[in-house]
Amino acid sequence: MYSMTGYGKGVATDGKKTITVEMKSVNHRYLDLSLKLPRTFLFLEDDFKKTIEKSLSRGHVDVYLTYEQKASDEGEFVVDVDLAKNYLHAVNVLAMETGIVNDFTVTNLAKVPDVITREAAVEDEDVLKNLAIFALTEALKNLTQMREKEGEALKKDFEVKLGAIESALSKIKEYAPKVVEEYRNNLTARIEEVVEPTLVDRQRLATEVALFADHCAIDEEITRLSTHIKAMRHHLEATEPVGRKMDFLVQEFLRETNTIGSKANNISITEQVLIIKNEIEKMREQAQNIE
C-alpha cells in the first residue's frame with residue numbers, strides 16, 4: 001500500500017553536464033502531473049510523462065528539472081573582426097578631430113558590445129535525454145520508497161482503527177438483544193401504572209413489542225459492517241492501488257453505522273456508535289491519501 005505523499009530526488013552527470021530531477025507528490029483523485037522543464041528540455045515532456053505513468057497511478061506530482069554545465073562546455077568565444085576595425089577607426093577619427101590623445105587599448109575594444117560574443121553550445125539531445133531519464137528514474141525510485149514507507153505507517157494506523165471499530169461493534173452485538181426486552185419491560189411498567197394488570201391487553205402488548213423489535217433490528221447492519229471490516233483488511237494487504245476502493249468502503253462504513261444509530265433506541269449502543277463514527281472520520285481522511 002502506498003501513500004500519495006512523498007519526495008524524491010535524482011542526479012545524473014557525465015562530468016560536464018549535470019541534471020537534477022526533484023519530484024514532490026500530494027494526494028489527488030487522479031494522476032495530475034506538473035512538469036517544470038527548462039526550454040532546452042521541452043522535447044522530453046512526453047517521455048517524462050510516460051515514464052512517470054508507469055510507476056504512479058494517483059496524486060498531484062510536481063516535477064522540477066535543473067541543468068548545470070561546466071564553462072568549458074558552454075561554447076566558444078567569437079570575435080567580430082569587422083566590427084572591431086570599424087569601431088577602432090571611429091575612435092581614431094575622434095582622436096584626430098578633437099586633438100585628444102588616443103589611449104584606446106585592446107582591453108577597451110574587447111568591452112565593446114558584440115565585438116566578442118560566445119556561441120551557444122550545440123546540445124546533443126540524445127545525451128541530454130539519457131541523463132534526464134536516468135535522473136528521473138532515480139527520483140521516481142526515491143519517491144516511491146517514501147510513498148511506500150508512508151503507506152506502511154497508514155496501514156498500521158488503519159489496523160488500530162479497525163480494531164477499535166471491531167471492539168465497539170462487539171459491544172453493540174452484546175447490547176442489541178437486550179433492547180427489545182428492556183422496551184417490553186418499560187412499556188409493561190408504564191401501562192400497569194395507569195391500568196389494572198388484569199385489564200392489560202396482552203395480545204396488543206405483544207404486537208407492539210413485535211413492531212418495535214422489527215423497527216430496531218440491527219442484525220443485518222452488524223453483519224454488513226463486519227463484512228466491510230474484512231474487506232478493508234483485504235485492501236490493506238493489496239499490492240495494487242486501492243485508494244479509491246478504500247474511500248468508497250469508508251462511506252459504506254458510515255452508512256451502516258448511521259443506520260445502527262438511528263434504529264437502535266439504546267444509550268449504550270449510541271455510545272458505541274459515536275466511537276465507531278469517530279474512527280470512521282479518521283479513516284476517511286487517511287483513505288484520501290492512499291494511492
# chains A, B, ... in the order shown; residues from 1 in each chain; ligands from 1
>>> residues_around(residues="region 38-46 of chain A", least_positions_apart="5", cutoff="9 Å", atoms="only C-alpha atoms", output="list of chain:residue names")
A:Thr51, A:Leu65, A:Thr66, A:Tyr67, A:Glu123, A:Glu125, A:Leu128, A:Lys129, A:Ala132, A:Ile133
>>> write_last_selection(atoms="N, CA and C atoms", output="PDB file, in the first residue's frame")
ATOM      1  N   THR A  51       7.120   7.811 -18.545  1.00  0.00           N
ATOM      2  CA  THR A  51       7.928   7.142 -17.524  1.00  0.00           C
ATOM      3  C   THR A  51       7.252   7.207 -16.161  1.00  0.00           C
ATOM      4  N   LEU A  65      13.176  20.084 -13.043  1.00  0.00           N
ATOM      5  CA  LEU A  65      14.464  19.697 -13.635  1.00  0.00           C
ATOM      6  C   LEU A  65      15.385  20.909 -13.659  1.00  0.00           C
ATOM      7  N   THR A  66      16.600  20.743 -13.129  1.00  0.00           N
ATOM      8  CA  THR A  66      17.612  21.803 -13.196  1.00  0.00           C
ATOM      9  C   THR A  66      18.823  21.273 -13.950  1.00  0.00           C
ATOM     10  N   TYR A  67      19.462  22.162 -14.702  1.00  0.00           N
ATOM     11  CA  TYR A  67      20.561  21.759 -15.595  1.00  0.00           C
ATOM     12  C   TYR A  67      21.770  22.649 -15.351  1.00  0.00           C
ATOM     13  N   GLU A 123      23.646  21.494 -28.230  1.00  0.00           N
ATOM     14  CA  GLU A 123      23.369  20.410 -27.299  1.00  0.00           C
ATOM     15  C   GLU A 123      23.053  19.116 -28.046  1.00  0.00           C
ATOM     16  N   GLU A 125      20.921  16.155 -28.066  1.00  0.00           N
ATOM     17  CA  GLU A 125      19.664  15.780 -27.415  1.00  0.00           C
ATOM     18  C   GLU A 125      19.686  14.355 -26.881  1.00  0.00           C
ATOM     19  N   LEU A 128      21.426  14.545 -23.522  1.00  0.00           N
ATOM     20  CA  LEU A 128      20.536  15.167 -22.540  1.00  0.00           C
ATOM     21  C   LEU A 128      19.409  14.212 -22.135  1.00  0.00           C
ATOM     22  N   LYS A 129      18.853  13.518 -23.120  1.00  0.00           N
ATOM     23  CA  LYS A 129      17.753  12.600 -22.830  1.00  0.00           C
ATOM     24  C   LYS A 129      18.190  11.470 -21.907  1.00  0.00           C
ATOM     25  N   ALA A 132      18.730  12.870 -18.430  1.00  0.00           N
ATOM     26  CA  ALA A 132      17.475  13.291 -17.807  1.00  0.00           C
ATOM     27  C   ALA A 132      16.627  12.091 -17.389  1.00  0.00           C
ATOM     28  N   ILE A 133      16.520  11.081 -18.236  1.00  0.00           N
ATOM     29  CA  ILE A 133      15.723   9.893 -17.913  1.00  0.00           C
ATOM     30  C   ILE A 133      16.351   9.133 -16.752  1.00  0.00           C
TER      31      ILE A 133
END
>>> residues_around(residues="Glu252 (chain A)", least_positions_apart="6", cutoff="12 Å", atoms="only C-alpha atoms", output="MDAnalysis selection string")
chainID A and resid 221 224:229 231:232 245:246 258:259 277 280 284
>>> closest_residue(among="A:Leu37, A:Ile267, A:Ala139, A:Met146", to="Met4 (chain A)", atoms="only C-alpha atoms")
A:Met146
>>> closest_residue(among="A:Thr105, A:Thr137, A:Ser57, A:Gln251", to="Glu285 (chain A)", atoms="only C-alpha atoms")
A:Gln251
>>> atom_distance(atom1="CA of Asn130 (chain A)", atom2="CA of Leu143 (chain A)")
19.8 Å
>>> residues_around(residues="Ser34 (chain A)", least_positions_apart="3", cutoff="7 Å", atoms="only C-alpha atoms", output="list in words")
Val61, Asp62 and Val63 of chain A
>>> write_last_selection(atoms="C-alpha atoms", output="PDB file, in the first residue's frame")
ATOM      1  CA  VAL A  61       3.046  15.372  -8.815  1.00  0.00           C
ATOM      2  CA  ASP A  62       5.343  18.373  -9.315  1.00  0.00           C
ATOM      3  CA  VAL A  63       8.498  17.600 -11.313  1.00  0.00           C
TER       4      VAL A  63
END
>>> closest_residue(among="A:Asn86, A:Ser268, A:Thr13, A:Thr239", to="Gly151 (chain A)", atoms="only C-alpha atoms")
A:Thr239
>>> atom_distance(atom1="CA of Glu76 (chain A)", atom2="CA of Tyr64 (chain A)")
29.0 Å
>>> residues_around(residues="region 88-98 of chain A", least_positions_apart="6", cutoff="12 Å", atoms="only C-alpha atoms", output="list in words")
Val81, Asp82, Phe104, Thr105, Val106, Asn108, Leu109, Ala110, Val112 and Val115 of chain A
>>> write_last_selection(atoms="N, CA, C and O atoms", output="short mmCIF file (atom, residue, chain, number, x, y, z; two decimals), in the first residue's frame")
data_model
loop_
_atom_site.label_atom_id
_atom_site.label_comp_id
_atom_site.auth_asym_id
_atom_site.auth_seq_id
_atom_site.Cartn_x
_atom_site.Cartn_y
_atom_site.Cartn_z
N VAL A 81 35.63 40.66 -36.16
CA VAL A 81 36.79 41.48 -36.55
C VAL A 81 36.37 42.75 -37.28
O VAL A 81 36.89 43.84 -37.02
N ASP A 82 35.41 42.64 -38.19
CA ASP A 82 34.97 43.82 -38.95
C ASP A 82 34.39 44.87 -38.02
O ASP A 82 34.66 46.08 -38.19
N PHE A 104 43.17 54.47 -26.40
CA PHE A 104 42.32 53.29 -26.57
C PHE A 104 43.18 52.04 -26.64
O PHE A 104 44.21 52.02 -27.31
N THR A 105 42.75 50.96 -25.93
CA THR A 105 43.53 49.72 -25.90
C THR A 105 42.66 48.54 -26.33
O THR A 105 41.44 48.65 -26.49
N VAL A 106 43.32 47.41 -26.51
CA VAL A 106 42.60 46.18 -26.87
C VAL A 106 41.59 45.80 -25.78
O VAL A 106 40.49 45.32 -26.06
N ASN A 108 39.95 47.87 -23.93
CA ASN A 108 38.76 48.69 -24.13
C ASN A 108 37.92 48.16 -25.29
O ASN A 108 36.68 48.13 -25.22
N LEU A 109 38.60 47.74 -26.33
CA LEU A 109 37.92 47.24 -27.53
C LEU A 109 37.13 45.96 -27.22
O LEU A 109 36.03 45.75 -27.74
N ALA A 110 37.71 45.13 -26.38
CA ALA A 110 37.05 43.86 -26.04
C ALA A 110 35.75 44.08 -25.27
O ALA A 110 34.87 43.21 -25.25
N VAL A 112 33.57 46.42 -25.94
CA VAL A 112 32.54 46.96 -26.81
C VAL A 112 31.50 45.87 -27.09
O VAL A 112 31.87 44.74 -27.44
N VAL A 115 31.52 42.82 -29.94
CA VAL A 115 32.84 42.58 -30.54
C VAL A 115 33.28 41.16 -30.22
O VAL A 115 33.78 40.43 -31.08
#
